[in-house]
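Listing of work_31.pdb, PDB, C-alpha atoms
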ATOM      1  CA  MET A   1     151.076-100.289 -30.440
ATOM      2  CA  LYS A   2     147.346 -99.472 -30.621
ATOM      3  CA  ASN A   3     147.246 -99.481 -26.809
ATOM      4  CA  LEU A   4     150.123 -96.984 -26.660
ATOM      5  CA  LYS A   5     148.294 -94.608 -29.030
ATOM      6  CA  THR A   6     145.124 -94.885 -26.920
ATOM      7  CA  ILE A   7     147.066 -94.109 -23.720
ATOM      8  CA  ALA A   8     148.818 -91.152 -25.374
ATOM      9  CA  LEU A   9     145.498 -89.775 -26.644
ATOM     10  CA  ALA A  10     143.916 -90.184 -23.189
ATOM     11  CA  LEU A  11     146.880 -88.369 -21.624
ATOM     12  CA  VAL A  12     146.576 -85.452 -24.083
ATOM     13  CA  VAL A  13     142.836 -85.176 -23.400
ATOM     14  CA  ALA A  14     143.398 -85.352 -19.621
ATOM     15  CA  LEU A  15     146.120 -82.690 -19.696
ATOM     16  CA  GLY A  16     143.986 -80.458 -21.911
ATOM     17  CA  SER A  17     141.015 -80.686 -19.573
ATOM     18  CA  LEU A  18     143.278 -80.136 -16.544
ATOM     19  CA  ASN A  19     144.635 -76.969 -18.162
ATOM     20  CA  ALA A  20     141.121 -75.788 -19.076
ATOM     21  CA  SER A  21     139.818 -76.449 -15.576
ATOM     22  CA  ALA A  22     142.694 -74.459 -14.054
ATOM     23  CA  GLN A  23     141.416 -71.354 -15.882
ATOM     24  CA  THR A  24     138.990 -69.219 -13.931
ATOM     25  CA  ASN A  25     136.719 -66.412 -15.061
ATOM     26  CA  LYS A  26     136.652 -63.623 -12.491
ATOM     27  CA  LYS A  27     134.054 -60.892 -12.777
ATOM     28  CA  ILE A  28     135.308 -57.419 -12.002
ATOM     29  CA  ASP A  29     133.717 -55.457  -9.178
ATOM     30  CA  THR A  30     132.147 -52.629 -11.199
ATOM     31  CA  GLN A  31     131.743 -50.468  -8.072
ATOM     32  CA  LYS A  32     135.435 -50.675  -7.093
ATOM     33  CA  SER A  33     137.012 -50.825 -10.568
ATOM     34  CA  THR A  34     137.772 -47.405 -12.040
ATOM     35  CA  ILE A  35     138.516 -45.716 -15.343
ATOM     36  CA  ASN A  36     140.036 -42.232 -15.221
ATOM     37  CA  TRP A  37     140.398 -40.294 -18.475
ATOM     38  CA  VAL A  38     142.484 -37.315 -19.539
ATOM     39  CA  GLY A  39     141.871 -35.354 -22.736
ATOM     40  CA  LYS A  40     144.414 -32.724 -23.740
ATOM     41  CA  LYS A  41     144.204 -29.619 -25.880
ATOM     42  CA  VAL A  42     146.619 -26.849 -26.807
ATOM     43  CA  THR A  43     145.545 -24.666 -23.873
ATOM     44  CA  GLY A  44     145.328 -27.357 -21.174
ATOM     45  CA  GLN A  45     143.489 -30.535 -20.377
ATOM     46  CA  HIS A  46     140.361 -31.981 -18.803
ATOM     47  CA  SER A  47     139.966 -35.122 -16.724
ATOM     48  CA  GLY A  48     137.194 -37.290 -15.452
ATOM     49  CA  THR A  49     135.821 -40.753 -14.914
ATOM     50  CA  ILE A  50     133.753 -43.320 -16.727
ATOM     51  CA  ASN A  51     132.207 -46.498 -15.288
ATOM     52  CA  PHE A  52     132.336 -50.154 -16.182
ATOM     53  CA  ALA A  53     129.025 -51.851 -17.003
ATOM     54  CA  GLU A  54     130.624 -55.299 -16.632
ATOM     55  CA  GLY A  55     133.838 -57.170 -17.158
ATOM     56  CA  THR A  56     135.511 -60.527 -16.796
ATOM     57  CA  ILE A  57     139.169 -61.381 -16.520
ATOM     58  CA  ILE A  58     140.423 -64.895 -17.270
ATOM     59  CA  VAL A  59     143.094 -66.158 -14.871
ATOM     60  CA  ASN A  60     145.154 -69.344 -14.916
ATOM     61  CA  GLY A  61     147.011 -69.662 -11.611
ATOM     62  CA  LYS A  62     148.837 -66.340 -11.172
ATOM     63  CA  SER A  63     148.743 -65.567 -14.880
ATOM     64  CA  ILE A  64     146.143 -63.394 -16.611
ATOM     65  CA  ARG A  65     145.030 -65.149 -19.822
ATOM     66  CA  GLY A  66     142.349 -62.866 -21.254
ATOM     67  CA  GLY A  67     139.241 -60.852 -20.593
ATOM     68  CA  SER A  68     136.431 -58.708 -21.933
ATOM     69  CA  PHE A  69     134.999 -55.468 -20.604
ATOM     70  CA  THR A  70     131.995 -53.251 -21.306
ATOM     71  CA  VAL A  71     132.026 -49.548 -20.430
ATOM     72  CA  ASP A  72     128.896 -47.492 -19.747
ATOM     73  CA  MET A  73     129.477 -44.494 -22.039
ATOM     74  CA  THR A  74     126.503 -42.634 -20.521
ATOM     75  CA  SER A  75     128.517 -42.340 -17.288
ATOM     76  CA  ILE A  76     131.135 -39.932 -18.733
ATOM     77  CA  ASN A  77     131.850 -37.476 -15.931
ATOM     78  CA  THR A  78     134.195 -34.481 -15.896
ATOM     79  CA  THR A  79     135.949 -34.135 -12.533
ATOM     80  CA  ASP A  80     138.222 -31.112 -13.076
ATOM     81  CA  LEU A  81     135.343 -28.645 -13.505
ATOM     82  CA  GLU A  82     132.741 -27.684 -10.911
ATOM     83  CA  ALA A  83     128.983 -27.690 -11.374
ATOM     84  CA  GLY A  84     127.856 -24.356 -12.781
ATOM     85  CA  LYS A  85     131.406 -23.597 -13.969
ATOM     86  CA  GLY A  86     131.522 -25.527 -17.251
ATOM     87  CA  LYS A  87     131.115 -29.130 -16.011
ATOM     88  CA  GLU A  88     127.624 -29.640 -17.433
ATOM     89  CA  LYS A  89     128.595 -28.084 -20.769
ATOM     90  CA  LEU A  90     131.661 -30.325 -21.203
ATOM     91  CA  ASP A  91     129.837 -33.468 -20.014
ATOM     92  CA  GLY A  92     127.047 -32.729 -22.516
ATOM     93  CA  HIS A  93     129.482 -32.093 -25.360
ATOM     94  CA  LEU A  94     131.414 -35.331 -24.689
ATOM     95  CA  LYS A  95     128.123 -37.257 -24.713
ATOM     96  CA  ALA A  96     126.932 -35.539 -27.930
ATOM     97  CA  ASP A  97     127.484 -36.780 -31.482
ATOM     98  CA  ASP A  98     130.615 -34.578 -31.889
ATOM     99  CA  PHE A  99     132.334 -36.978 -29.513
ATOM    100  CA  PHE A 100     130.901 -40.269 -28.176
ATOM    101  CA  GLY A 101     127.224 -40.035 -29.239
ATOM    102  CA  VAL A 102     126.074 -41.880 -26.129
ATOM    103  CA  GLU A 103     122.380 -41.715 -26.986
ATOM    104  CA  LYS A 104     123.049 -44.124 -29.855
ATOM    105  CA  TYR A 105     126.271 -45.774 -28.607
ATOM    106  CA  LYS A 106     125.602 -46.476 -24.939
ATOM    107  CA  THR A 107     128.565 -48.825 -24.460
ATOM    108  CA  ALA A 108     132.152 -49.335 -25.568
ATOM    109  CA  LYS A 109     133.877 -52.721 -25.423
ATOM    110  CA  LEU A 110     137.376 -54.085 -25.063
ATOM    111  CA  GLU A 111     138.159 -57.729 -25.764
ATOM    112  CA  ILE A 112     141.618 -59.151 -25.139
ATOM    113  CA  LYS A 113     142.778 -61.132 -28.162
ATOM    114  CA  LEU A 114     146.392 -61.917 -27.281
ATOM    115  CA  ILE A 115     148.295 -61.695 -24.024
ATOM    116  CA  SER A 116     151.887 -62.567 -23.206
ATOM    117  CA  ASP A 117     153.346 -62.845 -19.719
ATOM    118  CA  ASN A 118     156.516 -60.795 -19.231
ATOM    119  CA  GLY A 119     157.353 -62.819 -16.112
ATOM    120  CA  ASP A 120     157.474 -59.767 -13.847
ATOM    121  CA  GLY A 121     153.779 -59.325 -13.084
ATOM    122  CA  THR A 122     153.169 -57.431 -16.322
ATOM    123  CA  PHE A 123     151.511 -58.636 -19.512
ATOM    124  CA  ASN A 124     151.690 -57.311 -23.074
ATOM    125  CA  VAL A 125     148.125 -57.122 -24.349
ATOM    126  CA  THR A 126     146.649 -56.870 -27.821
ATOM    127  CA  ALA A 127     142.919 -56.199 -27.693
ATOM    128  CA  ASN A 128     140.058 -55.046 -29.878
ATOM    129  CA  LEU A 129     138.527 -51.775 -28.710
ATOM    130  CA  THR A 130     135.061 -50.868 -29.994
ATOM    131  CA  ILE A 131     133.799 -47.292 -29.715
ATOM    132  CA  LYS A 132     130.795 -46.021 -31.712
ATOM    133  CA  ASP A 133     130.520 -49.451 -33.395
ATOM    134  CA  GLN A 134     134.035 -49.092 -34.852
ATOM    135  CA  THR A 135     136.607 -51.696 -33.798
ATOM    136  CA  ASN A 136     140.365 -51.229 -33.869
ATOM    137  CA  PRO A 137     143.288 -53.102 -32.312
ATOM    138  CA  ILE A 138     145.038 -51.518 -29.345
ATOM    139  CA  ASN A 139     148.196 -52.537 -27.476
ATOM    140  CA  PHE A 140     148.996 -51.848 -23.832
ATOM    141  CA  VAL A 141     150.684 -53.274 -20.753
ATOM    142  CA  LEU A 142     148.516 -54.785 -18.011
ATOM    143  CA  LYS A 143     150.036 -54.996 -14.537
ATOM    144  CA  SER A 144     148.920 -57.548 -11.971
ATOM    145  CA  ASN A 145     148.679 -55.839  -8.582
ATOM    146  CA  GLY A 146     148.267 -58.983  -6.524
ATOM    147  CA  LYS A 147     145.612 -61.621  -6.243
ATOM    148  CA  ASN A 148     142.542 -59.468  -6.890
ATOM    149  CA  SER A 149     143.543 -56.419  -8.913
ATOM    150  CA  ALA A 150     145.274 -55.237 -12.058
ATOM    151  CA  SER A 151     145.924 -51.897 -13.744
ATOM    152  CA  ALA A 152     146.705 -50.497 -17.168
ATOM    153  CA  SER A 153     147.277 -47.204 -18.958
ATOM    154  CA  LEU A 154     146.028 -46.856 -22.528
ATOM    155  CA  LYS A 155     146.320 -44.158 -25.157
ATOM    156  CA  VAL A 156     143.393 -44.142 -27.570
ATOM    157  CA  ASP A 157     143.402 -42.304 -30.907
ATOM    158  CA  ARG A 158     139.823 -41.023 -31.040
ATOM    159  CA  THR A 159     140.005 -40.297 -34.777
ATOM    160  CA  LYS A 160     140.150 -44.054 -35.488
ATOM    161  CA  TYR A 161     136.596 -44.193 -34.089
ATOM    162  CA  GLY A 162     135.231 -41.329 -36.189
ATOM    163  CA  ILE A 163     135.669 -38.693 -33.442
ATOM    164  CA  LYS A 164     137.280 -35.849 -35.370
ATOM    165  CA  TYR A 165     135.907 -32.769 -33.591
ATOM    166  CA  GLY A 166     138.676 -30.213 -32.987
ATOM    167  CA  SER A 167     141.378 -32.444 -34.524
ATOM    168  CA  GLY A 168     144.231 -30.587 -36.196
ATOM    169  CA  SER A 169     144.655 -33.651 -38.418
ATOM    170  CA  PHE A 170     141.292 -32.956 -40.082
ATOM    171  CA  PHE A 171     140.626 -29.236 -39.666
ATOM    172  CA  ASP A 172     142.834 -26.243 -40.506
ATOM    173  CA  GLY A 173     143.004 -22.999 -38.576
ATOM    174  CA  LEU A 174     142.031 -24.364 -35.153
ATOM    175  CA  GLY A 175     144.894 -22.554 -33.442
ATOM    176  CA  ASP A 176     144.603 -22.850 -29.668
ATOM    177  CA  LYS A 177     141.238 -24.643 -30.022
ATOM    178  CA  ALA A 178     142.888 -27.840 -31.321
ATOM    179  CA  ILE A 179     142.262 -30.980 -29.259
ATOM    180  CA  ASP A 180     144.789 -33.852 -29.173
ATOM    181  CA  ASN A 181     143.783 -36.909 -31.165
ATOM    182  CA  GLU A 182     144.782 -39.209 -28.313
ATOM    183  CA  PHE A 183     143.147 -39.403 -24.923
ATOM    184  CA  GLU A 184     144.494 -41.366 -21.969
ATOM    185  CA  LEU A 185     142.743 -43.985 -19.878
ATOM    186  CA  ASN A 186     144.076 -45.137 -16.517
ATOM    187  CA  VAL A 187     142.276 -48.306 -15.509
ATOM    188  CA  ASN A 188     142.207 -50.079 -12.168
ATOM    189  CA  LEU A 189     140.467 -53.475 -12.109
ATOM    190  CA  VAL A 190     139.276 -55.061  -8.878
ATOM    191  CA  PHE A 191     137.923 -58.616  -9.091
TER     192      PHE A 191
END
How does this structure look as structure tokens?
Amino acid sequence: MKNLKTIALALVVALGSLNASAQTNKKIDTQKSTINWVGKKVTGQHSGTINFAEGTIIVNGKSIRGGSFTVDMTSINTTDLEAGKGKEKLDGHLKADDFFGVEKYKTAKLEIKLISDNGDGTFNVTANLTIKDQTNPINFVLKSNGKNSASASLKVDRTKYGIKYGSGSFFDGLGDKAIDNEFELNVNLVF
């Protein structure tokens, strides 16, 4: 009987290490991976890009199991305005303390906490998103686009991170100067 328990324990350990060794950490290609943002207001919207500083996705076979990503907040770039026609002003305002305060908070982070495979190449993700040293959970769908890429669309409520400038939820009388609380991120990961 003691021998049977020893064999069973050895089998559990062997299977556990086999499963662990099948997991691979893949670094994202920060030059090819992209983040596009859209911020909306009553009178229109603005769009732009922001760059990854680094990121790793954890893969087990064809299944994504986790990951963590760091974004370079100093790279905020407006793409819908031209230089000399408001681009520099908006870029500066987004980097200022009213919004992301990038002088003090140079990075934002996302860490996947829970992921479930939907069986169709998509994954339901629960992650912790940290902006301006404030961390909140966020849920989104991650889509595997083949062996070396994945994509996701996220909606982020900026007010949960202390970014209240122009929010109708906090200020009265903004009229057509009100800015939506949520901004959108469209992410394409290449690894």
Per-residue nearest contacts of segment 36-82 of chain A to segment 150-153 of chain A (10 Å; all atoms listed in the file) as a tab-separated table:
residue	atom	partner	partner_atom	distance
A:Asn36	CA	A:Ser153	CA	9.5
A:Trp37	CA	A:Ser153	CA	9.8
A:Ile57	CA	A:Ala150	CA	9.7
A:Ile64	CA	A:Ala150	CA	9.4
Output C-alpha atoms for every residue in the selection just made, as a PDB file, in the frame of the given file.
ATOM      1  CA  ASN A  36     140.036 -42.232 -15.221  1.00  0.00           C
ATOM      2  CA  TRP A  37     140.398 -40.294 -18.475  1.00  0.00           C
ATOM      3  CA  ILE A  57     139.169 -61.381 -16.520  1.00  0.00           C
ATOM      4  CA  ILE A  64     146.143 -63.394 -16.611  1.00  0.00           C
TER       5      ILE A  64
END
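Counting only C-alpha atoms and comparing A:Ser149, A:Asn118, A:Asn186, A:Thr79, the residue that lies closest to Ile28 of chain A is A:Ser149.
For the set A:Thr30, A:Gly61, A:Ser75, A:Ile163, the residue with the smallest atom-to-atom gap to Thr49 of chain A is A:Ser75, counting all atoms listed in the file.
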Could I get the residues of segment 57-88 of chain A with an atom no further than 9 Å from an atom of segment 106-112 of chain A, each paired with its nearest atom pair and that distance in Å to one decimal, using only C-alpha atoms, sorted by chain and residue number, as a Markdown table?
| residue | atom | partner | partner_atom | distance |
| --- | --- | --- | --- | --- |
| A:Arg65 | CA | A:Ile112 | CA | 8.7 |
| A:Gly66 | CA | A:Ile112 | CA | 5.4 |
| A:Gly67 | CA | A:Ile112 | CA | 5.4 |
| A:Ser68 | CA | A:Glu111 | CA | 4.3 |
| A:Phe69 | CA | A:Leu110 | CA | 5.2 |
| A:Thr70 | CA | A:Lys109 | CA | 4.6 |
| A:Val71 | CA | A:Ala108 | CA | 5.1 |
| A:Asp72 | CA | A:Thr107 | CA | 4.9 |
| A:Met73 | CA | A:Thr107 | CA | 5.0 |
| A:Thr74 | CA | A:Lys106 | CA | 5.9 |
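Proximity ranking of A:Ser144, A:Gly101, A:Gly39, A:Gln31 relative to Asn51 of chain A places A:Gln31 first, based on all atoms listed in the file.
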Q. Can you tell me, as a PyMOL selection string, what residues are no more than 8 Å from Thr122 of chain A when counting all atoms listed in the file, ignoring any on the same chain fewer than 5 positions away?
A. chain A and resi 117+141-144
Can you spit out segment 30-47 of chain A with N, CA, C and O atoms, as a PDB file, in the first residue's frame, from the structure just given?
ATOM      1  N   THR A  30       7.661  44.922 -28.777  1.00  0.00           N
ATOM      2  CA  THR A  30       7.160  46.257 -28.443  1.00  0.00           C
ATOM      3  C   THR A  30       7.144  47.194 -29.654  1.00  0.00           C
ATOM      4  O   THR A  30       6.419  48.189 -29.643  1.00  0.00           O
ATOM      5  N   GLN A  31       7.911  46.875 -30.688  1.00  0.00           N
ATOM      6  CA  GLN A  31       7.921  47.708 -31.896  1.00  0.00           C
ATOM      7  C   GLN A  31       6.730  47.400 -32.806  1.00  0.00           C
ATOM      8  O   GLN A  31       6.239  48.275 -33.512  1.00  0.00           O
ATOM      9  N   LYS A  32       6.267  46.147 -32.784  1.00  0.00           N
ATOM     10  CA  LYS A  32       5.159  45.735 -33.660  1.00  0.00           C
ATOM     11  C   LYS A  32       3.811  45.717 -32.942  1.00  0.00           C
ATOM     12  O   LYS A  32       2.772  45.800 -33.587  1.00  0.00           O
ATOM     13  N   SER A  33       3.814  45.602 -31.626  1.00  0.00           N
ATOM     14  CA  SER A  33       2.568  45.614 -30.857  1.00  0.00           C
ATOM     15  C   SER A  33       2.071  47.050 -30.756  1.00  0.00           C
ATOM     16  O   SER A  33       2.868  47.981 -30.627  1.00  0.00           O
ATOM     17  N   THR A  34       0.753  47.235 -30.815  1.00  0.00           N
ATOM     18  CA  THR A  34       0.200  48.586 -30.848  1.00  0.00           C
ATOM     19  C   THR A  34      -0.943  48.763 -29.845  1.00  0.00           C
ATOM     20  O   THR A  34      -1.645  47.813 -29.512  1.00  0.00           O
ATOM     21  N   ILE A  35      -1.081  49.994 -29.397  1.00  0.00           N
ATOM     22  CA  ILE A  35      -2.236  50.408 -28.599  1.00  0.00           C
ATOM     23  C   ILE A  35      -2.770  51.680 -29.251  1.00  0.00           C
ATOM     24  O   ILE A  35      -2.059  52.677 -29.356  1.00  0.00           O
ATOM     25  N   ASN A  36      -4.019  51.621 -29.700  1.00  0.00           N
ATOM     26  CA  ASN A  36      -4.696  52.790 -30.253  1.00  0.00           C
ATOM     27  C   ASN A  36      -5.777  53.206 -29.267  1.00  0.00           C
ATOM     28  O   ASN A  36      -6.525  52.359 -28.776  1.00  0.00           O
ATOM     29  N   TRP A  37      -5.872  54.497 -28.980  1.00  0.00           N
ATOM     30  CA  TRP A  37      -6.869  54.986 -28.033  1.00  0.00           C
ATOM     31  C   TRP A  37      -7.854  55.920 -28.719  1.00  0.00           C
ATOM     32  O   TRP A  37      -7.535  56.555 -29.722  1.00  0.00           O
ATOM     33  N   VAL A  38      -9.051  55.973 -28.148  1.00  0.00           N
ATOM     34  CA  VAL A  38     -10.083  56.915 -28.587  1.00  0.00           C
ATOM     35  C   VAL A  38     -10.716  57.504 -27.333  1.00  0.00           C
ATOM     36  O   VAL A  38     -11.159  56.773 -26.449  1.00  0.00           O
ATOM     37  N   GLY A  39     -10.725  58.830 -27.253  1.00  0.00           N
ATOM     38  CA  GLY A  39     -11.400  59.543 -26.178  1.00  0.00           C
ATOM     39  C   GLY A  39     -12.520  60.369 -26.782  1.00  0.00           C
ATOM     40  O   GLY A  39     -12.310  61.060 -27.786  1.00  0.00           O
ATOM     41  N   LYS A  40     -13.710  60.274 -26.208  1.00  0.00           N
ATOM     42  CA  LYS A  40     -14.867  60.956 -26.788  1.00  0.00           C
ATOM     43  C   LYS A  40     -15.335  62.084 -25.885  1.00  0.00           C
ATOM     44  O   LYS A  40     -15.162  62.046 -24.672  1.00  0.00           O
ATOM     45  N   LYS A  41     -15.937  63.071 -26.523  1.00  0.00           N
ATOM     46  CA  LYS A  41     -16.534  64.203 -25.820  1.00  0.00           C
ATOM     47  C   LYS A  41     -17.850  64.538 -26.515  1.00  0.00           C
ATOM     48  O   LYS A  41     -18.170  63.949 -27.562  1.00  0.00           O
ATOM     49  N   VAL A  42     -18.606  65.445 -25.958  1.00  0.00           N
ATOM     50  CA  VAL A  42     -19.911  65.780 -26.513  1.00  0.00           C
ATOM     51  C   VAL A  42     -19.795  66.224 -27.966  1.00  0.00           C
ATOM     52  O   VAL A  42     -20.614  65.856 -28.806  1.00  0.00           O
ATOM     53  N   THR A  43     -18.772  66.995 -28.286  1.00  0.00           N
ATOM     54  CA  THR A  43     -18.648  67.579 -29.628  1.00  0.00           C
ATOM     55  C   THR A  43     -17.787  66.763 -30.594  1.00  0.00           C
ATOM     56  O   THR A  43     -17.506  67.223 -31.689  1.00  0.00           O
ATOM     57  N   GLY A  44     -17.367  65.574 -30.217  1.00  0.00           N
ATOM     58  CA  GLY A  44     -16.547  64.768 -31.131  1.00  0.00           C
ATOM     59  C   GLY A  44     -15.670  63.790 -30.388  1.00  0.00           C
ATOM     60  O   GLY A  44     -16.034  63.294 -29.318  1.00  0.00           O
ATOM     61  N   GLN A  45     -14.509  63.549 -30.951  1.00  0.00           N
ATOM     62  CA  GLN A  45     -13.578  62.611 -30.332  1.00  0.00           C
ATOM     63  C   GLN A  45     -12.166  62.892 -30.806  1.00  0.00           C
ATOM     64  O   GLN A  45     -11.956  63.610 -31.783  1.00  0.00           O
ATOM     65  N   HIS A  46     -11.205  62.322 -30.077  1.00  0.00           N
ATOM     66  CA  HIS A  46      -9.800  62.377 -30.482  1.00  0.00           C
ATOM     67  C   HIS A  46      -9.252  60.961 -30.415  1.00  0.00           C
ATOM     68  O   HIS A  46      -9.744  60.120 -29.652  1.00  0.00           O
ATOM     69  N   SER A  47      -8.224  60.703 -31.212  1.00  0.00           N
ATOM     70  CA  SER A  47      -7.619  59.372 -31.227  1.00  0.00           C
ATOM     71  C   SER A  47      -6.111  59.500 -31.291  1.00  0.00           C
ATOM     72  O   SER A  47      -5.569  60.548 -31.641  1.00  0.00           O
TER      73      SER A  47
END
